[in-house]
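File shown here: input.cif, holding mmCIF, N, CA and C atoms and all ligand atoms; chains and numbers go by the auth columns.
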data_my_file
#
loop_
_atom_site.group_PDB
_atom_site.id
_atom_site.type_symbol
_atom_site.label_atom_id
_atom_site.label_comp_id
_atom_site.label_asym_id
_atom_site.label_seq_id
_atom_site.Cartn_x
_atom_site.Cartn_y
_atom_site.Cartn_z
_atom_site.B_iso_or_equiv
_atom_site.auth_seq_id
_atom_site.auth_asym_id
ATOM 1 N N MET A 1 15.244 -8.777 -8.478 0.00 1 A
ATOM 2 C CA MET A 1 15.178 -7.383 -8.024 0.00 1 A
ATOM 3 C C MET A 1 15.045 -7.333 -6.507 0.00 1 A
ATOM 4 N N ALA A 2 15.398 -6.184 -5.959 0.00 2 A
ATOM 5 C CA ALA A 2 15.291 -5.985 -4.513 0.00 2 A
ATOM 6 C C ALA A 2 14.949 -4.523 -4.249 0.00 2 A
ATOM 7 N N ALA A 3 14.395 -4.266 -3.057 0.00 3 A
ATOM 8 C CA ALA A 3 14.142 -2.885 -2.657 0.00 3 A
ATOM 9 C C ALA A 3 15.477 -2.141 -2.600 0.00 3 A
ATOM 10 N N VAL A 4 15.411 -0.824 -2.759 0.00 4 A
ATOM 11 C CA VAL A 4 16.633 -0.020 -2.824 0.00 4 A
ATOM 12 C C VAL A 4 16.629 1.054 -1.742 0.00 4 A
ATOM 13 N N VAL A 5 17.781 1.260 -1.111 0.00 5 A
ATOM 14 C CA VAL A 5 17.922 2.297 -0.097 0.00 5 A
ATOM 15 C C VAL A 5 18.638 3.506 -0.694 0.00 5 A
ATOM 16 N N ASP A 6 18.023 4.677 -0.519 0.00 6 A
ATOM 17 C CA ASP A 6 18.671 5.930 -0.915 0.00 6 A
ATOM 18 C C ASP A 6 19.640 6.311 0.199 0.00 6 A
ATOM 19 N N LYS A 7 20.919 6.129 -0.054 0.00 7 A
ATOM 20 C CA LYS A 7 21.935 6.360 0.986 0.00 7 A
ATOM 21 C C LYS A 7 21.967 7.802 1.469 0.00 7 A
ATOM 22 N N ASP A 8 21.530 8.736 0.632 0.00 8 A
ATOM 23 C CA ASP A 8 21.516 10.140 1.048 0.00 8 A
ATOM 24 C C ASP A 8 20.403 10.414 2.053 0.00 8 A
ATOM 25 N N LYS A 9 19.343 9.603 2.016 0.00 9 A
ATOM 26 C CA LYS A 9 18.213 9.801 2.937 0.00 9 A
ATOM 27 C C LYS A 9 18.336 8.942 4.190 0.00 9 A
ATOM 28 N N CYS A 10 18.977 7.794 4.101 0.00 10 A
ATOM 29 C CA CYS A 10 19.081 6.866 5.231 0.00 10 A
ATOM 30 C C CYS A 10 19.931 7.462 6.345 0.00 10 A
ATOM 31 N N THR A 11 19.362 7.442 7.564 0.00 11 A
ATOM 32 C CA THR A 11 20.072 7.978 8.724 0.00 11 A
ATOM 33 C C THR A 11 20.734 6.877 9.550 0.00 11 A
ATOM 34 N N GLY A 12 20.540 5.623 9.125 0.00 12 A
ATOM 35 C CA GLY A 12 21.120 4.513 9.873 0.00 12 A
ATOM 36 C C GLY A 12 20.397 4.193 11.161 0.00 12 A
ATOM 37 N N CYS A 13 19.107 4.532 11.219 0.00 13 A
ATOM 38 C CA CYS A 13 18.339 4.350 12.462 0.00 13 A
ATOM 39 C C CYS A 13 18.060 2.878 12.777 0.00 13 A
ATOM 40 N N GLU A 14 18.179 2.022 11.779 0.00 14 A
ATOM 41 C CA GLU A 14 17.979 0.562 11.925 0.00 14 A
ATOM 42 C C GLU A 14 16.528 0.154 12.157 0.00 14 A
ATOM 43 N N ALA A 15 15.576 1.060 11.990 0.00 15 A
ATOM 44 C CA ALA A 15 14.164 0.727 12.208 0.00 15 A
ATOM 45 C C ALA A 15 13.673 -0.335 11.227 0.00 15 A
ATOM 46 N N CYS A 16 14.269 -0.406 10.076 0.00 16 A
ATOM 47 C CA CYS A 16 13.809 -1.336 9.026 0.00 16 A
ATOM 48 C C CYS A 16 14.298 -2.767 9.231 0.00 16 A
ATOM 49 N N ILE A 17 15.351 -2.940 9.961 0.00 17 A
ATOM 50 C CA ILE A 17 16.012 -4.247 10.005 0.00 17 A
ATOM 51 C C ILE A 17 15.134 -5.369 10.550 0.00 17 A
ATOM 52 N N ASP A 18 14.519 -5.139 11.711 0.00 18 A
ATOM 53 C CA ASP A 18 13.739 -6.204 12.345 0.00 18 A
ATOM 54 C C ASP A 18 12.430 -6.507 11.626 0.00 18 A
ATOM 55 N N ILE A 19 11.930 -5.555 10.836 0.00 19 A
ATOM 56 C CA ILE A 19 10.632 -5.738 10.187 0.00 19 A
ATOM 57 C C ILE A 19 10.730 -6.700 8.989 0.00 19 A
ATOM 58 N N CYS A 20 11.910 -6.881 8.450 0.00 20 A
ATOM 59 C CA CYS A 20 12.051 -7.698 7.239 0.00 20 A
ATOM 60 C C CYS A 20 11.876 -9.192 7.545 0.00 20 A
ATOM 61 N N PRO A 21 10.882 -9.839 6.917 0.00 21 A
ATOM 62 C CA PRO A 21 10.603 -11.249 7.205 0.00 21 A
ATOM 63 C C PRO A 21 11.677 -12.213 6.690 0.00 21 A
ATOM 64 N N VAL A 22 12.498 -11.764 5.771 0.00 22 A
ATOM 65 C CA VAL A 22 13.525 -12.669 5.232 0.00 22 A
ATOM 66 C C VAL A 22 14.944 -12.213 5.606 0.00 22 A
ATOM 67 N N GLU A 23 15.017 -11.276 6.567 0.00 23 A
ATOM 68 C CA GLU A 23 16.316 -10.782 7.061 0.00 23 A
ATOM 69 C C GLU A 23 17.240 -10.337 5.933 0.00 23 A
ATOM 70 N N ALA A 24 16.665 -9.573 4.999 0.00 24 A
ATOM 71 C CA ALA A 24 17.451 -9.117 3.848 0.00 24 A
ATOM 72 C C ALA A 24 18.170 -7.794 4.109 0.00 24 A
ATOM 73 N N ILE A 25 17.844 -7.150 5.241 0.00 25 A
ATOM 74 C CA ILE A 25 18.423 -5.825 5.505 0.00 25 A
ATOM 75 C C ILE A 25 19.517 -5.905 6.554 0.00 25 A
ATOM 76 N N SER A 26 20.656 -5.315 6.239 0.00 26 A
ATOM 77 C CA SER A 26 21.754 -5.243 7.199 0.00 26 A
ATOM 78 C C SER A 26 22.360 -3.850 7.103 0.00 26 A
ATOM 79 N N MET A 27 23.215 -3.527 8.060 0.00 27 A
ATOM 80 C CA MET A 27 23.864 -2.222 8.022 0.00 27 A
ATOM 81 C C MET A 27 25.222 -2.349 7.356 0.00 27 A
ATOM 82 N N LYS A 28 25.511 -1.390 6.500 0.00 28 A
ATOM 83 C CA LYS A 28 26.782 -1.400 5.789 0.00 28 A
ATOM 84 C C LYS A 28 27.299 0.037 5.756 0.00 28 A
ATOM 85 N N ASN A 29 28.414 0.284 6.382 0.00 29 A
ATOM 86 C CA ASN A 29 28.999 1.629 6.426 0.00 29 A
ATOM 87 C C ASN A 29 28.014 2.693 6.900 0.00 29 A
ATOM 88 N N GLY A 30 27.187 2.326 7.886 0.00 30 A
ATOM 89 C CA GLY A 30 26.302 3.311 8.502 0.00 30 A
ATOM 90 C C GLY A 30 24.956 3.511 7.851 0.00 30 A
ATOM 91 N N THR A 31 24.716 2.830 6.735 0.00 31 A
ATOM 92 C CA THR A 31 23.393 2.913 6.117 0.00 31 A
ATOM 93 C C THR A 31 22.871 1.508 5.853 0.00 31 A
ATOM 94 N N ALA A 32 21.551 1.412 5.631 0.00 32 A
ATOM 95 C CA ALA A 32 20.940 0.106 5.405 0.00 32 A
ATOM 96 C C ALA A 32 21.325 -0.435 4.024 0.00 32 A
ATOM 97 N N PHE A 33 21.539 -1.755 3.987 0.00 33 A
ATOM 98 C CA PHE A 33 21.845 -2.428 2.719 0.00 33 A
ATOM 99 C C PHE A 33 20.865 -3.575 2.552 0.00 33 A
ATOM 100 N N ILE A 34 20.235 -3.675 1.387 0.00 34 A
ATOM 101 C CA ILE A 34 19.249 -4.728 1.137 0.00 34 A
ATOM 102 C C ILE A 34 19.805 -5.731 0.136 0.00 34 A
ATOM 103 N N SER A 35 19.829 -6.992 0.565 0.00 35 A
ATOM 104 C CA SER A 35 20.424 -8.040 -0.264 0.00 35 A
ATOM 105 C C SER A 35 19.428 -8.585 -1.285 0.00 35 A
ATOM 106 N N ASP A 36 19.914 -9.452 -2.137 0.00 36 A
ATOM 107 C CA ASP A 36 19.070 -10.065 -3.164 0.00 36 A
ATOM 108 C C ASP A 36 18.043 -11.030 -2.573 0.00 36 A
ATOM 109 N N ASP A 37 18.115 -11.290 -1.263 0.00 37 A
ATOM 110 C CA ASP A 37 17.107 -12.136 -0.609 0.00 37 A
ATOM 111 C C ASP A 37 15.757 -11.432 -0.530 0.00 37 A
ATOM 112 N N CYS A 38 15.756 -10.119 -0.754 0.00 38 A
ATOM 113 C CA CYS A 38 14.526 -9.322 -0.677 0.00 38 A
ATOM 114 C C CYS A 38 13.464 -9.853 -1.638 0.00 38 A
ATOM 115 N N THR A 39 12.238 -9.992 -1.106 0.00 39 A
ATOM 116 C CA THR A 39 11.115 -10.482 -1.914 0.00 39 A
ATOM 117 C C THR A 39 10.206 -9.342 -2.376 0.00 39 A
ATOM 118 N N GLU A 40 10.622 -8.100 -2.102 0.00 40 A
ATOM 119 C CA GLU A 40 9.830 -6.905 -2.462 0.00 40 A
ATOM 120 C C GLU A 40 8.455 -6.890 -1.808 0.00 40 A
ATOM 121 N N CYS A 41 8.387 -7.360 -0.561 0.00 41 A
ATOM 122 C CA CYS A 41 7.106 -7.391 0.154 0.00 41 A
ATOM 123 C C CYS A 41 6.654 -5.997 0.576 0.00 41 A
ATOM 124 N N GLU A 42 7.577 -5.057 0.580 0.00 42 A
ATOM 125 C CA GLU A 42 7.314 -3.642 0.915 0.00 42 A
ATOM 126 C C GLU A 42 7.060 -3.379 2.397 0.00 42 A
ATOM 127 N N ALA A 43 7.271 -4.371 3.246 0.00 43 A
ATOM 128 C CA ALA A 43 7.051 -4.179 4.683 0.00 43 A
ATOM 129 C C ALA A 43 7.955 -3.086 5.243 0.00 43 A
ATOM 130 N N CYS A 44 9.149 -2.970 4.749 0.00 44 A
ATOM 131 C CA CYS A 44 10.106 -2.005 5.279 0.00 44 A
ATOM 132 C C CYS A 44 9.852 -0.584 4.795 0.00 44 A
ATOM 133 N N VAL A 45 9.173 -0.466 3.678 0.00 45 A
ATOM 134 C CA VAL A 45 8.997 0.858 3.061 0.00 45 A
ATOM 135 C C VAL A 45 8.296 1.831 4.006 0.00 45 A
ATOM 136 N N GLY A 46 7.165 1.391 4.596 0.00 46 A
ATOM 137 C CA GLY A 46 6.414 2.247 5.498 0.00 46 A
ATOM 138 C C GLY A 46 7.074 2.414 6.846 0.00 46 A
ATOM 139 N N GLU A 47 8.013 1.527 7.162 0.00 47 A
ATOM 140 C CA GLU A 47 8.693 1.553 8.462 0.00 47 A
ATOM 141 C C GLU A 47 9.772 2.627 8.523 0.00 47 A
ATOM 142 N N CYS A 48 10.275 3.036 7.391 0.00 48 A
ATOM 143 C CA CYS A 48 11.389 3.989 7.354 0.00 48 A
ATOM 144 C C CYS A 48 10.908 5.416 7.592 0.00 48 A
ATOM 145 N N PRO A 49 11.368 6.058 8.666 0.00 49 A
ATOM 146 C CA PRO A 49 10.940 7.427 8.969 0.00 49 A
ATOM 147 C C PRO A 49 11.502 8.458 7.988 0.00 49 A
ATOM 148 N N SER A 50 12.480 8.062 7.203 0.00 50 A
ATOM 149 C CA SER A 50 13.111 8.996 6.272 0.00 50 A
ATOM 150 C C SER A 50 12.692 8.764 4.818 0.00 50 A
ATOM 151 N N GLN A 51 11.739 7.856 4.616 0.00 51 A
ATOM 152 C CA GLN A 51 11.305 7.502 3.253 0.00 51 A
ATOM 153 C C GLN A 51 12.508 7.189 2.351 0.00 51 A
ATOM 154 N N ALA A 52 13.440 6.434 2.900 0.00 52 A
ATOM 155 C CA ALA A 52 14.667 6.146 2.146 0.00 52 A
ATOM 156 C C ALA A 52 14.581 4.867 1.329 0.00 52 A
ATOM 157 N N ILE A 53 13.516 4.059 1.554 0.00 53 A
ATOM 158 C CA ILE A 53 13.428 2.769 0.866 0.00 53 A
ATOM 159 C C ILE A 53 12.360 2.797 -0.216 0.00 53 A
ATOM 160 N N SER A 54 12.718 2.328 -1.397 0.00 54 A
ATOM 161 C CA SER A 54 11.736 2.233 -2.479 0.00 54 A
ATOM 162 C C SER A 54 11.832 0.857 -3.117 0.00 54 A
ATOM 163 N N VAL A 55 10.718 0.409 -3.690 0.00 55 A
ATOM 164 C CA VAL A 55 10.663 -0.903 -4.331 0.00 55 A
ATOM 165 C C VAL A 55 10.437 -0.723 -5.823 0.00 55 A
HETATM 166 S S1 LIG B . 10.764 -5.222 0.786 0.00 1 B
HETATM 167 FE FE1 LIG B . 10.287 -6.853 2.288 0.00 1 B
HETATM 168 S S2 LIG B . 11.771 -8.475 1.845 0.00 1 B
HETATM 169 FE FE2 LIG B . 12.531 -6.602 0.875 0.00 1 B
HETATM 170 S S3 LIG B . 13.940 -5.685 2.366 0.00 1 B
HETATM 171 FE FE3 LIG B . 11.904 -4.759 2.664 0.00 1 B
HETATM 172 S S4 LIG B . 10.921 -5.985 4.279 0.00 1 B
HETATM 173 FE FE4 LIG B . 12.658 -7.191 3.455 0.00 1 B
HETATM 174 S S1 LIG B . 14.557 2.702 8.509 0.00 2 B
HETATM 175 FE FE1 LIG B . 15.212 4.041 6.801 0.00 2 B
HETATM 176 S S2 LIG B . 16.610 5.545 7.745 0.00 2 B
HETATM 177 FE FE2 LIG B . 16.398 3.813 9.174 0.00 2 B
HETATM 178 S S3 LIG B . 18.127 2.429 8.670 0.00 2 B
HETATM 179 FE FE3 LIG B . 16.319 1.728 7.498 0.00 2 B
HETATM 180 S S4 LIG B . 16.517 2.767 5.497 0.00 2 B
HETATM 181 FE FE4 LIG B . 17.852 3.836 6.937 0.00 2 B
#
So, in terms of structure tokens, how does the structure I just supplied come out?
Ligand code: SF4
Ligand code: SF4
Amino acid sequence: MAAVVDKDKCTGCEACIDICPVEAISMKNGTAFISDDCTECEACVGECPSQAISV
């Protein structure tokens, strides 16, 4: 399992990318994409100003 980004809420601000300890977040077509490398640490969840990430 991996954290999930709500594409309707994501503004593409990229605030979540650097916070991920396993570099699981990248940008894809203007919104954040989380790969299967995600360990569900939840570090990115609180970082998102749009509450677009859920675990
Ligand atoms: S939950 Fe943790 S490992 Fe998964 S994408 Fe967010 S920061 Fe990275
Ligand atoms: S921090 Fe939130 S709004 Fe910004 S790119 Fe990441 S998921 Fe999208």
Asp36 (chain A) surroundings by only C-alpha atoms, 8 Å radius, close-in-sequence under 3 positions cut, as a list in words
Met1, Ala2 and Ala24 of chain A
Distance query 5 Å from (11.8, -7.8, 6.4) using all atoms listed in the file, result as a PyMOL selection string
chain A and resi 19-23
Give me the result of the PyMOL selection byres (((chain A and resi 29 and name CA) around 12) and not hetatm and name CA) on this file, residue by residue, as a list of chain:residue names.
A:Lys7, A:Cys10, A:Thr11, A:Gly12, A:Ser26, A:Met27, A:Lys28, A:Gly30, A:Thr31, A:Ala32, A:Phe33
Expressed in Å to a single decimal, how great is the separation between atom C of Ser35 (chain A) and CA of Pro49 (chain A)?
20.8 Å
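Rounded to one decimal, atom N of Thr39 (chain A) and atom FE2 of ligand LIG 2 (chain B) lie 17.7 Å from each other.
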Non-local contacts of Cys44 (chain A) (7 Å; only N, CA and C atoms; under 3 positions in same chain excluded) as an MDAnalysis selection string:
chainID A and resid 16 19:20 41 47:48 53
Work out how far apart atom S2 of ligand LIG 1 (chain B) and CA of Asp8 (chain A) are and give it in Å to one decimal.
21.0 Å
